[in-house]
Amino acid sequence: MEPVTHRVNMFRKSVNSEPSCIMPVYQKEAEASTRTGRLTDRSHRQSYCILAPLVSRLIRTQNEARYWQCTAAPQSTSCHWQLQEECLELSYGGLVMHFDYVWLRDHCRSASCYNSKTNQRNLDTSHVELNICPANTRVDDENLFLTWPDGHVTKYNLSWLAQNSYEGLKQSAMQPRIIWNSDIYANAKVSPANWDKFMTCDDELKKFLRNFLLYGIAFVEGVPPTVEATETVTQRVSLIRETMYGKMWNFTSDFSRGDTAYTKLALDRHTDTSYFQEPCGIQVFHCLKHEGTGGRTLLVDGFYSADQVLQKTPDNFELLARVPIKHEYIENVSDHRNHMIGIGPVLNVYPWNNEVYMIRYNNYDRAVINTIPHDDVNRWYVAHRQLTTELRKPENELWVKLKPGKVLFIDNWRVLHGRESFTGLRQLCGCYLTRDDVLNTARSLGLQA
Ligand SMILES: C[N+](C)(C)CCCC[C@H](N)C(=O)O
Ligand SMILES: O=C(O)CCC(=O)C(=O)O
Ligand SMILES: [Fe+2]
């Protein structure tokens, strides 16, 4: 039960710790074993119930998102904890979790440490002794009680601890998702939301957002083909993110702006506003008119391709996730003078589980590379080439023809878009949305986002 690394770590803190924390290892081990808690048969069952939310979350995550195949099913239903020199160790369902004592003191939810009306911390963390150890511990069926050296008592619900552990987070997805190629998306037969229902019924909005979160794209159909109705439909979801392109935009191939988007040329797959420090979270497209040929929209799940790179060549994935590059937008036409620079890696990942949360991919807007030391440059191009190869595989492409009435929401941190060249008059309107507010709406409807 006691991992060797922890025995080793026991000495680390001793250097600066208070006398009460320093003890020879034999005494330590004796102490540790007396402080080990095991639930009785009766409470075994209870602890399973207490901790059930964590377990079901892990299982659901595993079933819902192909990305998280590695999630382990719980092997045991017993709950077991141990107070070690450095931390509290809690085992449950095959998961061993560790809670540092400073962390435990910092996360005290007593009335004096935490304002549960505002969900804000009252405790001034800078006053917590960094070598703090509990002076006393007690456990009942559901809770752990720690008494700190100054006499303050903290009560932790064991299930709360289990749900807030690093190890639990590491095993679950921050954002459960289904990564797709064109077959997977087609077979999922995701139905579009309908304008009337979408505007009035929260369940319809929730269904729409669930699909959007899972696939990174979602459609609303039956929307009146006007800029105003497009604005109305987006405001049902979130706030609009105003940029130098305006709030709502409605553009044709008139080259009114210094960018290829304002031509009839084909555009290869890309994410927009890669040249912002925070690229726009969501892009909305509504084609109000097209009298001509071509002009289909291309959609590619960037997370699927990134996952292919991770599976096939982890070193390439690591380079794309670690090395920052620049994107730049320099516009110099009549009234429009803009210079934007965004710096960041192609793949933005959470370091604890390598989950990709944002892809920045725009070969048109990629700036001069001077952020990579010369001996990494070639390897970076190799990695970038592999990602490009994955993104360009025909089986990963979803082609749709946007028509008046059909509004497309694209997760611009995940799904790349492009377009076929076209002829004739084509009018596309839309906007960007602030990501935080989209996720806020989703959470307010009970979705994990
Ligand atoms: C959507 N709207 C036409 C307003 C802007 C287009 C921006 C195009 C730019 N190259 C980018 O990829 O960010
Ligand atoms: O014209 C289109 O379909 C999309 C152009 C584009 O990439 C954009 O506006 O961001
Ligand atoms: Fe674009």
# chains A, B, ... in the order shown; residues from 1 in each chain; ligands from 1
$ residues_around --residues "segment 130-136 of chain A" --least-positions-apart "2" --cutoff "7 Å" --atoms "only C-alpha atoms" --output "ChimeraX atom specification"
/A:17,101-102,128,138,146-149
$ select_by_dssp --residues "segment 83-125 of chain A" --states "strand (DSSP E)" --output "ChimeraX atom specification"
/A:83,87-92,95-100,114-115,120-121
$ residues_near_ligand --ligand "ligand 2" --cutoff "6 Å" --atoms "only C-alpha atoms and all ligand atoms" --output "list in words"
Ala261, Asp272, Thr297, Gly418 and Arg419 of chain A
$ residues_near_ligand --ligand "ligand 3" --cutoff "10 Å" --atoms "only C-alpha atoms and all ligand atoms" --output "compact mmCIF listing (two decimals) with C-alpha atoms, in the first residue's frame"
# COMPACT_ATOMS: atom_id res chain seq x y z
CA ASP A 259 -7.40 38.74 -46.70
CA THR A 260 -7.97 35.80 -49.08
CA ALA A 261 -11.28 35.06 -47.34
CA LEU A 267 -9.11 28.07 -48.86
CA ASP A 268 -7.35 25.10 -47.37
CA ARG A 269 -8.37 23.91 -43.89
CA HIS A 270 -7.43 26.30 -41.13
CA THR A 271 -8.49 27.79 -37.84
CA ASP A 272 -9.31 31.51 -37.74
CA THR A 273 -7.65 34.28 -35.76
CA SER A 274 -4.59 32.16 -35.00
CA GLN A 283 -17.19 30.80 -35.48
CA PHE A 285 -21.44 30.91 -40.62
CA ASN A 362 -3.31 28.30 -40.36
CA ASN A 412 -12.58 27.23 -33.80
CA LEU A 416 -10.71 23.40 -39.04
CA HIS A 417 -12.72 24.93 -41.86
CA GLY A 418 -11.95 25.63 -45.49
CA ARG A 419 -13.85 26.26 -48.68
$ atom_distance --atom1 "atom CA of Pro345 of chain A" --atom2 "atom CA of Ile359 of chain A"
8.1 Å
$ atom_distance --atom1 "atom CA of Leu239 of chain A" --atom2 "atom CA of Asp411 of chain A"
14.7 Å
$ residues_around --residues "Lys155 of chain A" --least-positions-apart "5" --cutoff "9 Å" --atoms "only C-alpha atoms" --output "list in words"
Cys108, Arg109, Ser110, Asn143, Leu144, Phe145, Leu146 and Thr147 of chain A
$ write_last_selection --atoms "C-alpha atoms" --output "CSV table (one decimal), in the first residue's frame"
chain,number,residue,atom,x,y,z
A,108,CYS,CA,-10.5,24.1,4.2
A,109,ARG,CA,-14.2,24.7,3.7
A,110,SER,CA,-15.1,25.9,7.2
A,143,ASN,CA,-15.5,12.4,6.5
A,144,LEU,CA,-12.0,13.0,7.4
A,145,PHE,CA,-11.3,15.5,10.3
A,146,LEU,CA,-7.9,17.2,10.6
A,147,THR,CA,-7.0,19.3,13.5
$ closest_residue --among "A:Asn370, A:Thr252, A:Ser334, A:Ser305" --to "ligand 1" --atoms "only C-alpha atoms and all ligand atoms"
A:Thr252
$ select_by_dssp --residues "segment 164-399 of chain A" --states "helix (DSSP H, G or I)" --output "count of residues only"
86
$ atom_distance --atom1 "atom CA of Arg105 of chain A" --atom2 "atom CA of Thr154 of chain A"
7.7 Å
$ residues_around --residues "Trp413 of chain A" --least-positions-apart "2" --cutoff "12 Å" --atoms "only C-alpha atoms" --output "number ranges by chain"
A: 213, 215-217, 270-274, 278-283, 300-303, 346-349, 356-362, 409-411, 415-417, 432-435
$ write_last_selection --atoms "C-alpha atoms" --output "tab-separated table (two decimals), in the first residue's frame"
chain	number	residue	atom	x	y	z
A	213	LEU	CA	-19.29	19.97	-27.23
A	215	TYR	CA	-18.29	17.01	-32.08
A	216	GLY	CA	-17.10	20.62	-32.27
A	217	ILE	CA	-19.73	21.49	-34.86
A	270	HIS	CA	-7.43	26.30	-41.13
A	271	THR	CA	-8.49	27.79	-37.84
A	272	ASP	CA	-9.31	31.51	-37.74
A	273	THR	CA	-7.65	34.28	-35.76
A	274	SER	CA	-4.59	32.16	-35.00
A	278	GLU	CA	-6.59	34.03	-27.58
A	279	PRO	CA	-8.02	32.82	-30.88
A	280	CYS	CA	-11.80	33.20	-31.21
A	281	GLY	CA	-13.53	30.27	-29.59
A	282	ILE	CA	-16.47	29.77	-31.91
A	283	GLN	CA	-17.19	30.80	-35.48
A	300	VAL	CA	-11.96	18.61	-40.38
A	301	ASP	CA	-11.71	17.56	-36.73
A	302	GLY	CA	-8.27	18.78	-35.71
A	303	PHE	CA	-8.38	16.75	-32.50
A	346	VAL	CA	0.09	24.40	-32.70
A	347	LEU	CA	-1.34	22.00	-30.13
A	348	ASN	CA	-2.30	23.35	-26.73
A	349	VAL	CA	-2.56	20.51	-24.25
A	356	VAL	CA	-5.62	18.79	-26.58
A	357	TYR	CA	-7.83	21.79	-25.89
A	358	MET	CA	-6.85	24.08	-28.73
A	359	ILE	CA	-5.33	23.69	-32.14
A	360	ARG	CA	-3.89	26.72	-33.92
A	361	TYR	CA	-3.38	25.79	-37.54
A	362	ASN	CA	-3.31	28.30	-40.36
A	409	PHE	CA	-21.41	26.76	-35.38
A	410	ILE	CA	-17.76	25.69	-35.47
A	411	ASP	CA	-15.50	25.18	-32.47
A	415	VAL	CA	-12.50	21.96	-36.02
A	416	LEU	CA	-10.71	23.40	-39.04
A	417	HIS	CA	-12.72	24.93	-41.86
A	432	TYR	CA	-17.33	34.95	-33.55
A	433	LEU	CA	-18.50	34.02	-30.05
A	434	THR	CA	-16.72	34.35	-26.75
A	435	ARG	CA	-15.79	30.87	-25.68
$ closest_residue --among "A:Ser165, A:Ser116, A:His127, A:Thr234" --to "Tyr92 of chain A" --atoms "only C-alpha atoms"
A:Ser165
$ closest_residue --among "A:Phe422, A:Tyr245, A:Tyr304, A:Trp195" --to "ligand 1" --atoms "only C-alpha atoms and all ligand atoms"
A:Tyr245
$ residues_around --residues "Asp124 of chain A" --least-positions-apart "4" --cutoff "12 Å" --atoms "only C-alpha atoms" --output "PyMOL selection string"
chain A and resi 105-108+112-114+120+128-129
$ write_last_selection --atoms "N, CA, C and O atoms" --output "compact mmCIF listing (two decimals), in the first residue's frame"
# COMPACT_ATOMS: atom_id res chain seq x y z
N ARG A 105 -4.87 22.22 3.95
CA ARG A 105 -5.16 23.40 4.79
C ARG A 105 -5.79 24.50 3.93
O ARG A 105 -6.73 25.17 4.33
N ASP A 106 -5.24 24.67 2.73
CA ASP A 106 -5.71 25.71 1.81
C ASP A 106 -7.15 25.48 1.37
O ASP A 106 -7.88 26.41 1.05
N HIS A 107 -7.56 24.20 1.33
CA HIS A 107 -8.90 23.87 0.85
C HIS A 107 -9.90 23.62 1.97
O HIS A 107 -10.92 22.96 1.76
N CYS A 108 -9.60 24.16 3.13
CA CYS A 108 -10.55 24.05 4.25
C CYS A 108 -11.83 24.79 3.87
O CYS A 108 -11.79 25.93 3.40
N SER A 112 -14.96 30.10 8.40
CA SER A 112 -13.97 31.17 8.48
C SER A 112 -12.97 31.13 7.32
O SER A 112 -12.35 32.13 6.98
N CYS A 113 -12.82 29.98 6.70
CA CYS A 113 -11.84 29.86 5.61
C CYS A 113 -12.46 30.03 4.23
O CYS A 113 -11.77 30.32 3.26
N TYR A 114 -13.78 29.83 4.18
CA TYR A 114 -14.41 29.78 2.85
C TYR A 114 -15.82 30.36 2.94
O TYR A 114 -16.59 30.01 3.83
N GLN A 120 -16.08 31.68 -2.55
CA GLN A 120 -14.75 32.28 -2.60
C GLN A 120 -13.96 31.96 -1.34
O GLN A 120 -14.55 31.86 -0.25
N VAL A 128 -0.38 30.32 5.58
CA VAL A 128 -0.26 28.88 5.90
C VAL A 128 1.21 28.49 5.92
O VAL A 128 1.94 28.75 4.95
N GLU A 129 1.62 27.88 7.01
CA GLU A 129 2.98 27.36 7.15
C GLU A 129 3.20 26.28 6.08
O GLU A 129 2.40 25.32 5.99
